[in-house]
$ cat start_32.pdb   # PDB, C-alpha atoms
ATOM      1  CA  MET A   3     -22.579  -5.048  -4.669  1.00  0.00           C
ATOM      2  CA  SER A   4     -19.704  -2.548  -4.533  1.00  0.00           C
ATOM      3  CA  VAL A   5     -16.412  -3.397  -6.199  1.00  0.00           C
ATOM      4  CA  LEU A   6     -13.225  -3.589  -4.131  1.00  0.00           C
ATOM      5  CA  VAL A   7     -10.370  -1.691  -5.790  1.00  0.00           C
ATOM      6  CA  ALA A   8      -6.709  -1.617  -4.767  1.00  0.00           C
ATOM      7  CA  VAL A   9      -3.992   0.258  -6.659  1.00  0.00           C
ATOM      8  CA  ALA A  10      -0.301   0.769  -5.967  1.00  0.00           C
ATOM      9  CA  ILE A  11       2.654   2.234  -7.831  1.00  0.00           C
ATOM     10  CA  VAL A  12       5.813   0.202  -7.182  1.00  0.00           C
ATOM     11  CA  GLU A  13       9.360   1.510  -7.640  1.00  0.00           C
ATOM     12  CA  GLY A  14      11.123  -0.811 -10.083  1.00  0.00           C
ATOM     13  CA  ALA A  15      10.007  -4.293 -11.061  1.00  0.00           C
ATOM     14  CA  ILE A  16       7.048  -5.999  -9.374  1.00  0.00           C
ATOM     15  CA  LEU A  17       8.996  -8.775  -7.721  1.00  0.00           C
ATOM     16  CA  ALA A  18       7.213 -11.607  -5.906  1.00  0.00           C
ATOM     17  CA  GLU A  19       8.553 -10.631  -2.510  1.00  0.00           C
ATOM     18  CA  ARG A  20       7.577  -6.976  -3.002  1.00  0.00           C
ATOM     19  CA  GLU A  21       4.076  -8.065  -3.979  1.00  0.00           C
ATOM     20  CA  ARG A  22       3.834 -10.282  -0.870  1.00  0.00           C
ATOM     21  CA  MET A  23       4.960  -7.387   1.316  1.00  0.00           C
ATOM     22  CA  LEU A  24       2.386  -5.032  -0.245  1.00  0.00           C
ATOM     23  CA  ARG A  25      -0.392  -7.593   0.141  1.00  0.00           C
ATOM     24  CA  SER A  26       0.353  -7.995   3.841  1.00  0.00           C
ATOM     25  CA  SER A  27       0.897  -4.316   4.664  1.00  0.00           C
ATOM     26  CA  ASP A  28      -1.571  -2.371   2.511  1.00  0.00           C
ATOM     27  CA  PRO A  29      -5.083  -2.339   4.096  1.00  0.00           C
ATOM     28  CA  SER A  30      -6.910  -2.113   0.757  1.00  0.00           C
ATOM     29  CA  LEU A  31      -4.985  -5.104  -0.625  1.00  0.00           C
ATOM     30  CA  ARG A  32      -5.587  -7.101   2.548  1.00  0.00           C
ATOM     31  CA  ALA A  33      -9.320  -6.386   2.312  1.00  0.00           C
ATOM     32  CA  LEU A  34      -9.316  -7.476  -1.294  1.00  0.00           C
ATOM     33  CA  ASP A  35      -7.551 -10.754  -0.499  1.00  0.00           C
ATOM     34  CA  ARG A  36     -10.120 -11.530   2.223  1.00  0.00           C
ATOM     35  CA  ALA A  37     -13.132 -10.836  -0.029  1.00  0.00           C
ATOM     36  CA  THR A  38     -13.668 -14.331  -1.382  1.00  0.00           C
ATOM     37  CA  ASP A  39     -17.450 -14.698  -0.912  1.00  0.00           C
ATOM     38  CA  GLY A  40     -19.101 -15.524  -4.206  1.00  0.00           C
ATOM     39  CA  VAL A  41     -15.803 -15.547  -6.076  1.00  0.00           C
ATOM     40  CA  GLY A  42     -15.558 -18.347  -8.629  1.00  0.00           C
ATOM     41  CA  ALA A  43     -12.867 -16.922 -10.908  1.00  0.00           C
ATOM     42  CA  ARG A  44      -9.611 -15.162 -10.184  1.00  0.00           C
ATOM     43  CA  LEU A  45      -7.697 -13.908 -13.199  1.00  0.00           C
ATOM     44  CA  ARG A  46      -4.102 -12.721 -12.944  1.00  0.00           C
ATOM     45  CA  PHE A  47      -2.332 -10.832 -15.716  1.00  0.00           C
ATOM     46  CA  GLU A  48       1.348  -9.920 -15.646  1.00  0.00           C
ATOM     47  CA  GLY A  49       2.835  -7.490 -18.133  1.00  0.00           C
ATOM     48  CA  VAL A  50       6.452  -8.426 -18.787  1.00  0.00           C
ATOM     49  CA  VAL A  51       9.078  -6.204 -20.427  1.00  0.00           C
ATOM     50  CA  ARG A  52       9.777  -7.642 -23.888  1.00  0.00           C
ATOM     51  CA  GLY A  53      13.342  -8.042 -25.098  1.00  0.00           C
ATOM     52  CA  LEU A  54      12.532  -6.512 -28.485  1.00  0.00           C
ATOM     53  CA  GLU A  55      10.987  -3.145 -29.253  1.00  0.00           C
ATOM     54  CA  GLU A  56      10.186  -2.542 -32.941  1.00  0.00           C
ATOM     55  CA  GLY A  57      12.567  -5.372 -33.797  1.00  0.00           C
ATOM     56  CA  ARG A  58      15.513  -4.013 -31.832  1.00  0.00           C
ATOM     57  CA  PRO A  59      16.910  -5.546 -28.645  1.00  0.00           C
ATOM     58  CA  ILE A  60      16.367  -3.514 -25.496  1.00  0.00           C
ATOM     59  CA  ALA A  61      17.774  -3.685 -21.971  1.00  0.00           C
ATOM     60  CA  ALA A  62      14.890  -2.174 -20.015  1.00  0.00           C
ATOM     61  CA  LEU A  63      11.940   0.198 -19.954  1.00  0.00           C
ATOM     62  CA  ASP A  64      11.953   3.348 -17.876  1.00  0.00           C
ATOM     63  CA  TYR A  65       8.471   4.266 -16.617  1.00  0.00           C
ATOM     64  CA  GLU A  66       7.580   7.874 -15.841  1.00  0.00           C
ATOM     65  CA  VAL A  67       4.494   8.178 -13.626  1.00  0.00           C
ATOM     66  CA  TYR A  68       2.652  11.442 -12.901  1.00  0.00           C
ATOM     67  CA  GLU A  69       1.557  11.036  -9.310  1.00  0.00           C
ATOM     68  CA  PRO A  70      -0.887  11.293  -7.597  1.00  0.00           C
ATOM     69  CA  MET A  71      -2.949  11.580 -10.775  1.00  0.00           C
ATOM     70  CA  ALA A  72      -1.792   8.207 -12.127  1.00  0.00           C
ATOM     71  CA  SER A  73      -2.950   6.315  -9.027  1.00  0.00           C
ATOM     72  CA  ARG A  74      -6.273   8.137  -9.035  1.00  0.00           C
ATOM     73  CA  GLU A  75      -6.855   7.422 -12.720  1.00  0.00           C
ATOM     74  CA  LEU A  76      -5.841   3.761 -12.345  1.00  0.00           C
ATOM     75  CA  ALA A  77      -8.363   3.418  -9.516  1.00  0.00           C
ATOM     76  CA  ARG A  78     -11.105   5.283 -11.412  1.00  0.00           C
ATOM     77  CA  VAL A  79     -10.712   3.249 -14.614  1.00  0.00           C
ATOM     78  CA  ALA A  80     -10.360  -0.025 -12.677  1.00  0.00           C
ATOM     79  CA  ARG A  81     -13.557   0.653 -10.727  1.00  0.00           C
ATOM     80  CA  GLU A  82     -15.527   1.671 -13.817  1.00  0.00           C
ATOM     81  CA  GLU A  83     -14.523  -1.377 -15.828  1.00  0.00           C
ATOM     82  CA  ALA A  84     -14.947  -3.836 -12.945  1.00  0.00           C
ATOM     83  CA  GLU A  85     -18.418  -2.438 -12.264  1.00  0.00           C
ATOM     84  CA  ARG A  86     -19.355  -2.502 -15.945  1.00  0.00           C
ATOM     85  CA  ALA A  87     -18.315  -6.164 -16.250  1.00  0.00           C
ATOM     86  CA  GLY A  88     -19.845  -7.217 -12.923  1.00  0.00           C
ATOM     87  CA  ALA A  89     -16.524  -8.228 -11.298  1.00  0.00           C
ATOM     88  CA  ARG A  90     -16.118  -8.318  -7.498  1.00  0.00           C
ATOM     89  CA  SER A  91     -12.624  -6.903  -7.090  1.00  0.00           C
ATOM     90  CA  ILE A  92      -9.685  -5.566  -9.044  1.00  0.00           C
ATOM     91  CA  LEU A  93      -6.063  -5.120  -8.015  1.00  0.00           C
ATOM     92  CA  VAL A  94      -3.596  -3.064 -10.065  1.00  0.00           C
ATOM     93  CA  LEU A  95       0.133  -2.721  -9.472  1.00  0.00           C
ATOM     94  CA  HIS A  96       2.253  -0.675 -11.883  1.00  0.00           C
ATOM     95  CA  SER A  97       5.968   0.025 -11.912  1.00  0.00           C
ATOM     96  CA  SER A  98       7.677   3.380 -11.808  1.00  0.00           C
ATOM     97  CA  GLY A  99      11.307   3.762 -12.863  1.00  0.00           C
ATOM     98  CA  ARG A 100      13.469   1.159 -14.538  1.00  0.00           C
ATOM     99  CA  VAL A 101      12.332  -2.413 -15.206  1.00  0.00           C
ATOM    100  CA  ALA A 102      14.684  -4.834 -16.944  1.00  0.00           C
ATOM    101  CA  VAL A 103      13.750  -7.190 -19.774  1.00  0.00           C
ATOM    102  CA  GLY A 104      11.901 -10.240 -18.464  1.00  0.00           C
ATOM    103  CA  GLU A 105      10.700  -8.526 -15.303  1.00  0.00           C
ATOM    104  CA  VAL A 106       7.078  -7.708 -14.455  1.00  0.00           C
ATOM    105  CA  SER A 107       6.078  -4.042 -14.775  1.00  0.00           C
ATOM    106  CA  PHE A 108       2.307  -4.351 -14.509  1.00  0.00           C
ATOM    107  CA  LEU A 109       0.029  -6.692 -12.633  1.00  0.00           C
ATOM    108  CA  CYS A 110      -3.756  -6.849 -12.722  1.00  0.00           C
ATOM    109  CA  GLU A 111      -5.832  -9.349 -10.768  1.00  0.00           C
ATOM    110  CA  VAL A 112      -9.592  -9.522 -11.159  1.00  0.00           C
ATOM    111  CA  ALA A 113     -11.974 -11.664  -9.119  1.00  0.00           C
ATOM    112  CA  SER A 114     -15.563 -12.383 -10.128  1.00  0.00           C
ATOM    113  CA  ALA A 115     -18.332 -14.951  -9.790  1.00  0.00           C
ATOM    114  CA  HIS A 116     -17.646 -16.399 -13.256  1.00  0.00           C
ATOM    115  CA  ARG A 117     -14.732 -16.180 -15.684  1.00  0.00           C
ATOM    116  CA  ALA A 118     -16.540 -14.055 -18.286  1.00  0.00           C
ATOM    117  CA  GLU A 119     -16.787 -11.007 -16.018  1.00  0.00           C
ATOM    118  CA  ALA A 120     -13.119 -11.184 -15.021  1.00  0.00           C
ATOM    119  CA  LEU A 121     -11.947 -11.601 -18.632  1.00  0.00           C
ATOM    120  CA  ALA A 122     -14.097  -8.684 -19.813  1.00  0.00           C
ATOM    121  CA  ALA A 123     -13.004  -6.383 -16.976  1.00  0.00           C
ATOM    122  CA  LEU A 124      -9.315  -7.143 -17.511  1.00  0.00           C
ATOM    123  CA  ALA A 125      -9.400  -6.555 -21.276  1.00  0.00           C
ATOM    124  CA  ALA A 126     -11.355  -3.301 -20.975  1.00  0.00           C
ATOM    125  CA  PHE A 127      -9.202  -2.006 -18.130  1.00  0.00           C
ATOM    126  CA  VAL A 128      -5.895  -2.605 -19.950  1.00  0.00           C
ATOM    127  CA  ASP A 129      -7.189  -0.931 -23.126  1.00  0.00           C
ATOM    128  CA  ARG A 130      -8.265   2.188 -21.240  1.00  0.00           C
ATOM    129  CA  MET A 131      -5.159   2.306 -19.056  1.00  0.00           C
ATOM    130  CA  LYS A 132      -2.988   2.501 -22.157  1.00  0.00           C
ATOM    131  CA  ARG A 133      -5.018   5.458 -23.466  1.00  0.00           C
ATOM    132  CA  GLU A 134      -5.921   7.414 -20.344  1.00  0.00           C
ATOM    133  CA  VAL A 135      -3.548   6.947 -17.413  1.00  0.00           C
ATOM    134  CA  PRO A 136      -0.560   9.349 -17.209  1.00  0.00           C
ATOM    135  CA  ILE A 137       2.237   6.796 -17.412  1.00  0.00           C
ATOM    136  CA  TRP A 138       4.952   6.928 -20.073  1.00  0.00           C
ATOM    137  CA  LYS A 139       7.662   4.450 -20.953  1.00  0.00           C
ATOM    138  CA  ARG A 140      11.062   5.093 -22.477  1.00  0.00           C
ATOM    139  CA  VAL A 141      13.102   2.386 -24.127  1.00  0.00           C
ATOM    140  CA  ILE A 142      16.602   1.722 -22.832  1.00  0.00           C
ATOM    141  CA  PRO A 143      18.428   0.119 -25.793  1.00  0.00           C
ATOM    142  CA  ALA A 144      20.513  -2.984 -25.237  1.00  0.00           C
ATOM    143  CA  ASP A 145      23.574  -1.299 -26.731  1.00  0.00           C
ATOM    144  CA  GLY A 146      23.276   1.662 -24.353  1.00  0.00           C
ATOM    145  CA  ALA A 147      22.812   4.165 -27.223  1.00  0.00           C
TER     146      ALA A 147
ATOM    147  CA  MET B  16      -1.332  36.067 -17.996  1.00  0.00           C
ATOM    148  CA  GLU B  17       1.261  33.316 -18.074  1.00  0.00           C
ATOM    149  CA  PHE B  18       0.881  29.607 -17.429  1.00  0.00           C
ATOM    150  CA  GLU B  19       3.334  26.795 -16.807  1.00  0.00           C
ATOM    151  CA  VAL B  20       2.565  23.449 -18.439  1.00  0.00           C
ATOM    152  CA  ARG B  21       4.326  20.298 -17.254  1.00  0.00           C
ATOM    153  CA  LEU B  22       5.517  17.857 -19.906  1.00  0.00           C
ATOM    154  CA  PHE B  23       6.225  14.130 -19.841  1.00  0.00           C
ATOM    155  CA  GLY B  24       7.342  11.360 -22.143  1.00  0.00           C
ATOM    156  CA  PRO B  25       7.799  12.091 -25.865  1.00  0.00           C
ATOM    157  CA  ALA B  26       6.544  15.686 -25.503  1.00  0.00           C
ATOM    158  CA  ALA B  27       9.182  16.445 -22.871  1.00  0.00           C
ATOM    159  CA  GLN B  28      11.870  14.794 -25.002  1.00  0.00           C
ATOM    160  CA  ALA B  29      10.850  16.839 -28.062  1.00  0.00           C
ATOM    161  CA  ALA B  30      10.784  20.090 -26.099  1.00  0.00           C
ATOM    162  CA  ARG B  31      13.949  19.181 -24.173  1.00  0.00           C
ATOM    163  CA  ALA B  32      12.185  20.495 -21.096  1.00  0.00           C
ATOM    164  CA  ASP B  33       9.878  19.179 -18.414  1.00  0.00           C
ATOM    165  CA  ARG B  34       7.774  22.365 -18.409  1.00  0.00           C
ATOM    166  CA  LEU B  35       6.964  25.227 -20.777  1.00  0.00           C
ATOM    167  CA  ARG B  36       5.626  28.748 -20.259  1.00  0.00           C
ATOM    168  CA  VAL B  37       2.521  29.725 -22.206  1.00  0.00           C
ATOM    169  CA  ARG B  38       1.352  33.335 -22.573  1.00  0.00           C
ATOM    170  CA  TRP B  39      -2.325  34.197 -22.675  1.00  0.00           C
ATOM    171  CA  ALA B  40      -3.064  37.641 -24.108  1.00  0.00           C
ATOM    172  CA  SER B  41      -6.327  38.438 -22.353  1.00  0.00           C
ATOM    173  CA  SER B  42      -5.949  39.785 -18.835  1.00  0.00           C
ATOM    174  CA  ASP B  43      -9.642  39.701 -17.911  1.00  0.00           C
ATOM    175  CA  ARG B  44     -10.651  36.267 -19.224  1.00  0.00           C
ATOM    176  CA  ARG B  45      -8.954  33.031 -18.234  1.00  0.00           C
ATOM    177  CA  PRO B  46      -8.520  30.378 -20.950  1.00  0.00           C
ATOM    178  CA  SER B  47     -10.413  27.109 -21.204  1.00  0.00           C
ATOM    179  CA  PRO B  48      -8.239  23.944 -21.315  1.00  0.00           C
ATOM    180  CA  ARG B  49      -8.799  23.727 -25.060  1.00  0.00           C
ATOM    181  CA  GLU B  50      -7.694  27.335 -25.572  1.00  0.00           C
ATOM    182  CA  LEU B  51      -4.602  26.825 -23.454  1.00  0.00           C
ATOM    183  CA  LEU B  52      -3.748  23.685 -25.418  1.00  0.00           C
ATOM    184  CA  ALA B  53      -4.052  25.645 -28.680  1.00  0.00           C
ATOM    185  CA  ALA B  54      -1.826  28.427 -27.312  1.00  0.00           C
ATOM    186  CA  LEU B  55       0.740  25.822 -26.240  1.00  0.00           C
ATOM    187  CA  GLY B  56       0.874  24.447 -29.786  1.00  0.00           C
ATOM    188  CA  GLU B  57       1.185  27.913 -31.353  1.00  0.00           C
ATOM    189  CA  GLN B  58       3.936  29.091 -29.022  1.00  0.00           C
ATOM    190  CA  HIS B  59       5.851  25.803 -28.849  1.00  0.00           C
ATOM    191  CA  PRO B  60       5.667  24.029 -32.226  1.00  0.00           C
ATOM    192  CA  ALA B  61       8.099  21.352 -30.981  1.00  0.00           C
ATOM    193  CA  VAL B  62       5.262  19.707 -29.042  1.00  0.00           C
ATOM    194  CA  GLY B  63       2.681  20.115 -31.823  1.00  0.00           C
ATOM    195  CA  PHE B  64       3.027  16.469 -32.866  1.00  0.00           C
ATOM    196  CA  ALA B  65       1.736  15.380 -29.431  1.00  0.00           C
ATOM    197  CA  LEU B  66      -1.383  17.537 -29.304  1.00  0.00           C
ATOM    198  CA  GLY B  67      -3.702  15.541 -31.576  1.00  0.00           C
ATOM    199  CA  ALA B  68      -5.209  13.370 -28.857  1.00  0.00           C
ATOM    200  CA  ALA B  69      -3.817  15.329 -25.923  1.00  0.00           C
ATOM    201  CA  ARG B  70      -5.718  16.466 -22.852  1.00  0.00           C
ATOM    202  CA  LEU B  71      -4.771  18.896 -20.142  1.00  0.00           C
ATOM    203  CA  ALA B  72      -4.832  17.890 -16.506  1.00  0.00           C
ATOM    204  CA  VAL B  73      -5.463  20.698 -14.060  1.00  0.00           C
ATOM    205  CA  ASN B  74      -4.510  20.040 -10.457  1.00  0.00           C
ATOM    206  CA  HIS B  75      -4.165  16.318 -11.204  1.00  0.00           C
ATOM    207  CA  ALA B  76      -7.565  15.804 -12.844  1.00  0.00           C
ATOM    208  CA  PHE B  77      -8.626  15.903 -16.487  1.00  0.00           C
ATOM    209  CA  ALA B  78     -10.090  19.332 -17.083  1.00  0.00           C
ATOM    210  CA  ALA B  79     -13.608  19.791 -18.485  1.00  0.00           C
ATOM    211  CA  ASP B  80     -13.896  21.992 -21.572  1.00  0.00           C
ATOM    212  CA  SER B  81     -16.310  24.234 -19.696  1.00  0.00           C
ATOM    213  CA  SER B  82     -13.755  24.994 -16.965  1.00  0.00           C
ATOM    214  CA  ARG B  83     -11.237  27.839 -16.830  1.00  0.00           C
ATOM    215  CA  VAL B  84      -7.542  27.564 -15.991  1.00  0.00           C
ATOM    216  CA  SER B  85      -5.797  29.885 -13.510  1.00  0.00           C
ATOM    217  CA  PRO B  86      -2.104  30.757 -13.564  1.00  0.00           C
ATOM    218  CA  GLU B  87      -1.818  29.245 -10.056  1.00  0.00           C
ATOM    219  CA  ASP B  88      -3.114  25.846 -11.223  1.00  0.00           C
ATOM    220  CA  GLU B  89      -0.785  22.911 -11.794  1.00  0.00           C
ATOM    221  CA  VAL B  90      -1.263  22.170 -15.494  1.00  0.00           C
ATOM    222  CA  ALA B  91       0.066  19.030 -17.186  1.00  0.00           C
ATOM    223  CA  LEU B  92       0.001  17.896 -20.800  1.00  0.00           C
ATOM    224  CA  ILE B  93      -1.280  14.319 -20.903  1.00  0.00           C
ATOM    225  CA  ALA B  94      -0.402  12.973 -24.335  1.00  0.00           C
ATOM    226  CA  LEU B  95       0.927   9.782 -25.891  1.00  0.00           C
ATOM    227  CA  VAL B  96       0.654   7.817 -22.655  1.00  0.00           C
ATOM    228  CA  GLY B  97       1.719   4.184 -22.698  1.00  0.00           C
ATOM    229  CA  GLY B  98       1.515   2.299 -19.451  1.00  0.00           C
ATOM    230  CA  GLY B  99       1.566  -1.463 -19.114  1.00  0.00           C
TER     231      GLY B  99
END

$ encode --input "start_32.pdb" --output "structure tokens"
Amino acid sequence: MSVLVAVAIVEGAILAERERMLRSSDPSLRALDRATDGVGARLRFEGVVRGLEEGRPIAALDYEVYEPMASRELARVAREEAERAGARSILVLHSSGRVAVGEVSFLCEVASAHRAEALAALAAFVDRMKREVPIWKRVIPADGA
Amino acid sequence: MEFEVRLFGPAAQAARADRLRVRWASSDRRPSPRELLAALGEQHPAVGFALGAARLAVNHAFAADSSRVSPEDEVALIALVGGG
């Protein structure tokens, strides 16, 4: 069975209303939301900007994304890891630009028949994304320095 | 031959530039990605710290070591990434 993959780069934080809008307007995300046959586990991971970086308070992270390569690499890695784990679908949203502390900058949702496949696909995907996908983050200190 | 390499993240901050020019001495043989990476490090020591686990992207795809880079290609240094 082929894996459904949907990827999007979002300007700024991944806010709930922006996610809803994407899900209703993007054909690949709509297809993914409809593909529920055989799905017994849906795992959702949100990466949130931490208030401390190496022990120092920060205000935000600024994400630099090399497009279109970043989207292509996100999709390639997501497909490979979902297939390897036996998951049915994988959705990846990643921020570009500034995201304040406490806001969501990365979202990954994996659906599979059983929880083990979704957990394995998510862990492997995040590990590879952090090593292979051309996205960089710069710390914006809380004191503005 | 001369190439332009795009920089991002810590490499761009260290170089204080978002792209660098790299000269390649041979006029009849184009460099492999690995050779171009080595020339980048020799000519621009400021980005040397980022080259350990770096890869070059050519026209928005990771370049195979067996390939050759052309001056017209869009070349990017992909190093020290950190999404998520």

$ atom_distance --input "start_32.pdb" --atom1 "CA of Cys110 in chain A" --atom2 "CA of Leu45 in chain A"
8.1 Å

$ closest_residue --input "start_32.pdb" --among "B:Ala69, B:Val90, B:Ala53, B:Arg31" --to "Phe18 in chain B" --atoms "all atoms listed in the file"
B:Val90

$ resolve_selection --input "start_32.pdb" --expression "the ChimeraX specification (/A :<9) & /B" --output "CSV table (one decimal) with C-alpha atoms, in the frame of the given file"
chain,number,residue,atom,x,y,z
B,23,PHE,CA,6.2,14.1,-19.8
B,24,GLY,CA,7.3,11.4,-22.1
B,25,PRO,CA,7.8,12.1,-25.9
B,72,ALA,CA,-4.8,17.9,-16.5
B,74,ASN,CA,-4.5,20.0,-10.5
B,75,HIS,CA,-4.2,16.3,-11.2
B,76,ALA,CA,-7.6,15.8,-12.8
B,93,ILE,CA,-1.3,14.3,-20.9
B,94,ALA,CA,-0.4,13.0,-24.3
B,95,LEU,CA,0.9,9.8,-25.9
B,96,VAL,CA,0.7,7.8,-22.7
B,97,GLY,CA,1.7,4.2,-22.7
B,98,GLY,CA,1.5,2.3,-19.5
B,99,GLY,CA,1.6,-1.5,-19.1

$ resolve_selection --input "start_32.pdb" --expression "the PyMOL selection byres ((chain A and resi 61) around 12)" --output "list of chain:residue names"
A:Val51, A:Arg52, A:Gly53, A:Leu54, A:Glu55, A:Arg58, A:Pro59, A:Ile60, A:Ala62, A:Leu63, A:Asp64, A:Arg100, A:Val101, A:Ala102, A:Val103, A:Gly104, A:Glu105, A:Arg140, A:Val141, A:Ile142, A:Pro143, A:Ala144, A:Asp145, A:Gly146, A:Ala147

$ closest_residue --input "start_32.pdb" --among "B:Gly56, B:Glu89, B:Gly63, B:Ser41" --to "Arg21 in chain B" --atoms "only C-alpha atoms"
B:Glu89

$ residues_around --input "start_32.pdb" --residues "Arg36 in chain B" --least-positions-apart "3" --cutoff "7 Å" --atoms "all atoms listed in the file" --output "PyMOL selection string"
chain B and resi 17-20

$ resolve_selection --input "start_32.pdb" --expression "the PyMOL selection byres ((chain B and resi 83) around 9)" --output "PyMOL selection string"
chain B and resi 44-48+78-82+84-85

$ atom_distance --input "start_32.pdb" --atom1 "CA of Arg22 in chain A" --atom2 "CA of Leu34 in chain A"
13.5 Å

$ atom_distance --input "start_32.pdb" --atom1 "CA of Phe64 in chain B" --atom2 "CA of Ala125 in chain A"
28.6 Å

$ closest_residue --input "start_32.pdb" --among "B:Val37, B:Ala26, B:Leu52, B:Leu71" --to "Pro86 in chain B" --atoms "all atoms listed in the file"
B:Val37

$ residues_near_point --input "start_32.pdb" --point "(0.1, 38.6, -26.3)" --cutoff "12 Å" --atoms "only C-alpha atoms" --output "list of chain:residue names"
B:Met16, B:Glu17, B:Val37, B:Arg38, B:Trp39, B:Ala40, B:Ser41, B:Ser42, B:Ala54, B:Glu57, B:Gln58

$ residues_around --input "start_32.pdb" --residues "Ala37 in chain A" --least-positions-apart "2" --cutoff "10 Å" --atoms "all atoms listed in the file" --output "JSON, numbers by chain"
{"A": [6, 31, 32, 33, 34, 35, 39, 40, 41, 90, 91, 113]}

$ axis_aligned_box --input "start_32.pdb" --around "range 77-80 of chain B" --padding-each-side "6 Å" --output "lines of an AutoDock Vina configuration file"
center_x = -11.3
center_y = 18.9
center_z = -19.0
size_x = 17.3
size_y = 18.1
size_z = 17.1

$ closest_residue --input "start_32.pdb" --among "A:Glu85, A:Glu119, A:Glu111, A:Glu13" --to "Arg46 in chain A" --atoms "all atoms listed in the file"
A:Glu111

$ decode --input "start_32.pdb" --residues "range 73-86 of chain A" --atoms "N, CA and C atoms" --output "PDB file, in the first residue's frame"
ATOM      1  N   SER A  73      11.169  21.575   1.146  1.00  0.00           N
ATOM      2  CA  SER A  73       9.898  20.843   1.004  1.00  0.00           C
ATOM      3  C   SER A  73      10.119  19.480   0.369  1.00  0.00           C
ATOM      4  N   ARG A  74      10.978  19.458  -0.654  1.00  0.00           N
ATOM      5  CA  ARG A  74      11.254  18.177  -1.323  1.00  0.00           C
ATOM      6  C   ARG A  74      11.918  17.188  -0.366  1.00  0.00           C
ATOM      7  N   GLU A  75      12.865  17.680   0.420  1.00  0.00           N
ATOM      8  CA  GLU A  75      13.571  16.780   1.342  1.00  0.00           C
ATOM      9  C   GLU A  75      12.658  16.327   2.475  1.00  0.00           C
ATOM     10  N   LEU A  76      11.801  17.240   2.969  1.00  0.00           N
ATOM     11  CA  LEU A  76      10.830  16.835   3.998  1.00  0.00           C
ATOM     12  C   LEU A  76       9.949  15.706   3.463  1.00  0.00           C
ATOM     13  N   ALA A  77       9.476  15.868   2.223  1.00  0.00           N
ATOM     14  CA  ALA A  77       8.593  14.857   1.638  1.00  0.00           C
ATOM     15  C   ALA A  77       9.339  13.544   1.417  1.00  0.00           C
ATOM     16  N   ARG A  78      10.583  13.638   0.939  1.00  0.00           N
ATOM     17  CA  ARG A  78      11.367  12.417   0.668  1.00  0.00           C
ATOM     18  C   ARG A  78      11.622  11.643   1.969  1.00  0.00           C
ATOM     19  N   VAL A  79      12.090  12.353   2.989  1.00  0.00           N
ATOM     20  CA  VAL A  79      12.410  11.680   4.261  1.00  0.00           C
ATOM     21  C   VAL A  79      11.131  11.145   4.909  1.00  0.00           C
ATOM     22  N   ALA A  80      10.055  11.933   4.851  1.00  0.00           N
ATOM     23  CA  ALA A  80       8.781  11.488   5.440  1.00  0.00           C
ATOM     24  C   ALA A  80       8.297  10.215   4.760  1.00  0.00           C
ATOM     25  N   ARG A  81       8.365  10.181   3.434  1.00  0.00           N
ATOM     26  CA  ARG A  81       7.907   8.985   2.709  1.00  0.00           C
ATOM     27  C   ARG A  81       8.773   7.772   3.058  1.00  0.00           C
ATOM     28  N   GLU A  82      10.092   7.971   3.063  1.00  0.00           N
ATOM     29  CA  GLU A  82      10.984   6.841   3.338  1.00  0.00           C
ATOM     30  C   GLU A  82      10.739   6.262   4.724  1.00  0.00           C
ATOM     31  N   GLU A  83      10.587   7.135   5.712  1.00  0.00           N
ATOM     32  CA  GLU A  83      10.436   6.624   7.079  1.00  0.00           C
ATOM     33  C   GLU A  83       9.038   6.057   7.326  1.00  0.00           C
ATOM     34  N   ALA A  84       8.019   6.637   6.693  1.00  0.00           N
ATOM     35  CA  ALA A  84       6.669   6.081   6.836  1.00  0.00           C
ATOM     36  C   ALA A  84       6.604   4.704   6.182  1.00  0.00           C
ATOM     37  N   GLU A  85       7.231   4.579   5.007  1.00  0.00           N
ATOM     38  CA  GLU A  85       7.235   3.285   4.321  1.00  0.00           C
ATOM     39  C   GLU A  85       8.008   2.245   5.143  1.00  0.00           C
ATOM     40  N   ARG A  86       9.159   2.659   5.647  1.00  0.00           N
ATOM     41  CA  ARG A  86       9.995   1.726   6.414  1.00  0.00           C
ATOM     42  C   ARG A  86       9.235   1.193   7.636  1.00  0.00           C
TER      43      ARG A  86
END
